[in-house]
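What follows is a short report on a single structure.
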Amino acid sequence: GLQLDSLVLRNADTASIVLSGIIPNTGTTSAQVRGSRLPLRDFGTLAQLPDTISGIGDVVVAVTGTKATPQITSNATLGSIKWNGVEIDRVAANAQYQNGRINVHADMVPKGQPLDSASVSLPYDVTLFSIKPRNDSIAGSIHADSIDLSILQTLLPRGDTLSGRVTASMLARGTLRAPVFEGSISVNRGSAKVTPLGITLADISGGISGAVTTTGQDSIHANLHASTEDNPGGSLTVDGWVKNLLQSKTRQPLAFKITANSFHMFDRRTVAIAA
């Protein structure tokens with residue numbers, strides 16, 4: 001077994017990590033990791049993120065039960081986040097593992113915007129040193145009430161920007177190997193700077209909706225419309241549907257139609273072609 005009375009790590013500022021625990025080969029396990037005022041910049045460097053992230057994080061992980069059947073709880077709070085031009089006041093998340101299920105809930109408060117939340121429950125068999133997926137029921141949800149689309153800017157290359165409003169209410173259920181989705185995501189008055197093409201998409205509107213049939217299959221429909229900033233009279237429309245999107249062992253029929261009308265889709269003086 002393993003035993004650690006206490007290990008404390010500190011940086012030159014106020015951040016600290018404290019570890020302690022007893023993990024016998026048999027019998028009751030007790031372990032804890034506590035991190036206080038951890039600088040997100042350091043985690044961004046370790047993860048080799050393409051853009052600098054700043055902010056402060058606190059996290060607590062506690063383990064009880066046994067080595068083979070642990071019970072794990074975790075709470076994390078991140079604050080004053082700045083990443084790729086996006087500011088987030090606070091993110092709070094908690095996670096638990098017990099009786100073969102991982103349950104996670106997170107709330108996010110972008111700067112000056114309403115609360116957004118997400119939750120998921122997944123079937124996994126976890127020991128202290130292994131994790132294995134199990135094909136059992138899943139549950140998940142995402143709710144966002146008219147938040148700024150720029151929150152997704154953190155996923156884009158540096159220099160690309162997003163703006164507009166997005167509203168989302170999505171549910172996931174089914175099983176780990178055959179998930180199904182229902183609900184909707186809508187975009188209003190969106191814009192997006194697409195640096196590789198040299199254009200800025202404007203007036204992005206539309207959405208994605210999902211429904212589940214009585215046989216347990218899902219059908220996801222997308223309809224999006226956009227113009228460009230320098231040619232508002234042109235338009236691009238994408239409309240279509242796909243069934244069983246994440247069910248790789250099930251037939252996945254789809255149909256999409258893209259319609260362009262005087263749409264300005266490229267504006268670069270030079271084009272580099274790699275040999």
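In the structure tokens, each chain is lettered A, B, ... as it comes, each chain's residues begin at 1, and ligands are numbered from 1 in order of appearance.
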With only C-alpha atoms as the counted atoms, please give the residues lying no more than 9 Å from segment 133-136 of chain A, apart from itself and same-chain residues fewer than 5 positions off, as a ChimeraX atom specification. /A:100,122-126,174-178
*Which polymer residues have any atom within 12 Å of an atom of segment 112-121 of chain A, counting only C-alpha atoms, with same-chain residues fewer than 3 positions away left out, as number ranges by chain?*
A: 86-109, 124, 136-151, 165-176
Task: strand (DSSP E) residues, from DSSP on the backbone, in segment 109-255 of chain A, as an MDAnalysis selection string - done: chainID A and resid 109:110 116:127 130:133 139:148 161:174 179:194 199:212 218:228 231:243 254:255
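Considering only C-alpha atoms, the residue among A:Leu38, A:Ala192, A:Ala31, A:Ile185 positioned nearest to Ile208 of chain A is A:Ile185.
Across A:Arg251, A:Arg158, A:Lys243, A:His225, the tightest approach to Val194 of chain A is made by A:Arg158 when counting only C-alpha atoms.
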_Using DSSP secondary structure from the backbone, list all alpha helix (DSSP H) positions within segment 4-169 of chain A, as a PyMOL selection string._
chain A and resi 40-46
Now that the selection is made, can you save its residues with C-alpha atoms as a tab-separated table (two decimals), in the first residue's frame?
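So part.tsv came out as:
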```tsv
chain	number	residue	atom	x	y	z
A	40	LEU	CA	-4.22	29.18	-14.70
A	41	ARG	CA	-1.33	30.63	-16.70
A	42	ASP	CA	0.88	27.75	-15.49
A	43	PHE	CA	-1.68	25.14	-16.56
A	44	GLY	CA	-1.94	26.83	-19.95
A	45	THR	CA	1.82	26.53	-20.36
A	46	LEU	CA	1.79	22.84	-19.38
```
| Nearest to Pro24 of chain A, chosen from A:Ile72, A:Ala12, A:Leu128, A:Val60, with only C-alpha atoms counted in the distances |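 For Pro24 of chain A, the nearest of the given residues is A:Leu128.
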Counting only C-alpha atoms, what is within 9 Å of Lys193 of chain A, bar same-chain residues fewer than 4 positions away, as a VMD selection string?
chain A and resid 159 to 162 197 to 202
I need the chosen residues saved as a CSV table (one decimal), in the first residue's frame, with all heavy atoms.
```
chain,number,residue,atom,x,y,z
A,159,GLY,N,-6.7,35.2,-33.6
A,159,GLY,CA,-7.0,36.1,-34.6
A,159,GLY,C,-8.5,36.0,-35.2
A,159,GLY,O,-9.0,36.9,-35.7
A,160,ASP,N,-9.0,34.8,-35.1
A,160,ASP,CA,-10.4,34.6,-35.5
A,160,ASP,C,-11.3,35.0,-34.3
A,160,ASP,O,-11.0,34.8,-33.1
A,160,ASP,CB,-10.7,33.1,-35.8
A,160,ASP,CG,-10.0,32.7,-37.0
A,160,ASP,OD1,-9.5,33.5,-37.8
A,160,ASP,OD2,-10.0,31.4,-37.3
A,161,THR,N,-12.4,35.7,-34.6
A,161,THR,CA,-13.3,36.3,-33.6
A,161,THR,C,-14.8,35.9,-33.9
A,161,THR,O,-15.2,35.6,-35.0
A,161,THR,CB,-13.2,37.8,-33.5
A,161,THR,OG1,-13.6,38.4,-34.8
A,161,THR,CG2,-11.8,38.2,-33.1
A,162,LEU,N,-15.6,35.9,-32.8
A,162,LEU,CA,-17.0,35.6,-32.9
A,162,LEU,C,-17.8,36.6,-32.1
A,162,LEU,O,-17.3,37.1,-31.1
A,162,LEU,CB,-17.3,34.2,-32.3
A,162,LEU,CG,-16.9,33.0,-33.1
A,162,LEU,CD1,-17.1,31.7,-32.2
A,162,LEU,CD2,-17.7,32.9,-34.4
A,197,LEU,N,-9.7,32.8,-44.9
A,197,LEU,CA,-10.5,33.2,-46.1
A,197,LEU,C,-10.5,34.7,-46.3
A,197,LEU,O,-10.9,35.2,-47.3
A,197,LEU,CB,-11.9,32.7,-46.0
A,197,LEU,CG,-12.1,31.2,-45.9
A,197,LEU,CD1,-13.6,30.9,-45.8
A,197,LEU,CD2,-11.5,30.5,-47.1
A,198,GLY,N,-10.0,35.5,-45.3
A,198,GLY,CA,-10.0,36.9,-45.4
A,198,GLY,C,-11.4,37.6,-45.4
A,198,GLY,O,-11.5,38.7,-45.9
A,199,ILE,N,-12.4,36.9,-44.8
A,199,ILE,CA,-13.7,37.5,-44.8
A,199,ILE,C,-14.2,37.5,-43.4
A,199,ILE,O,-13.7,36.9,-42.5
A,199,ILE,CB,-14.7,36.7,-45.7
A,199,ILE,CG1,-14.8,35.2,-45.1
A,199,ILE,CG2,-14.2,36.7,-47.1
A,199,ILE,CD1,-15.9,34.4,-45.8
A,200,THR,N,-15.3,38.3,-43.2
A,200,THR,CA,-16.0,38.3,-41.9
A,200,THR,C,-17.5,38.0,-42.2
A,200,THR,O,-18.2,38.7,-42.9
A,200,THR,CB,-16.0,39.7,-41.3
A,200,THR,OG1,-14.6,40.0,-40.9
A,200,THR,CG2,-16.8,39.7,-40.0
A,201,LEU,N,-17.9,36.9,-41.7
A,201,LEU,CA,-19.3,36.5,-41.9
A,201,LEU,C,-20.2,37.4,-41.0
A,201,LEU,O,-19.8,37.7,-39.9
A,201,LEU,CB,-19.5,35.0,-41.5
A,201,LEU,CG,-18.8,34.0,-42.3
A,201,LEU,CD1,-19.0,32.6,-41.7
A,201,LEU,CD2,-19.3,34.0,-43.7
A,202,ALA,N,-21.4,37.8,-41.5
A,202,ALA,CA,-22.3,38.7,-40.8
A,202,ALA,C,-23.7,38.2,-40.8
A,202,ALA,O,-24.0,37.3,-41.7
A,202,ALA,CB,-22.2,40.1,-41.4
```
### Task
Give the answer as one residue: which of A:Ile220, A:Ala226, A:Leu2, A:Leu246 has the shortest atom-to-atom distance to Phe263 of chain A, using only C-alpha atoms?
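Of the candidates, the smallest distance to Phe263 of chain A is held by A:Ala226.
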Rounded to one decimal, what separation in Å do you get between atom CA of Gly164 of chain A and atom CA of Asp239 of chain A?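 Separation between atom CA of Gly164 of chain A and atom CA of Asp239 of chain A: 20.2 Å.
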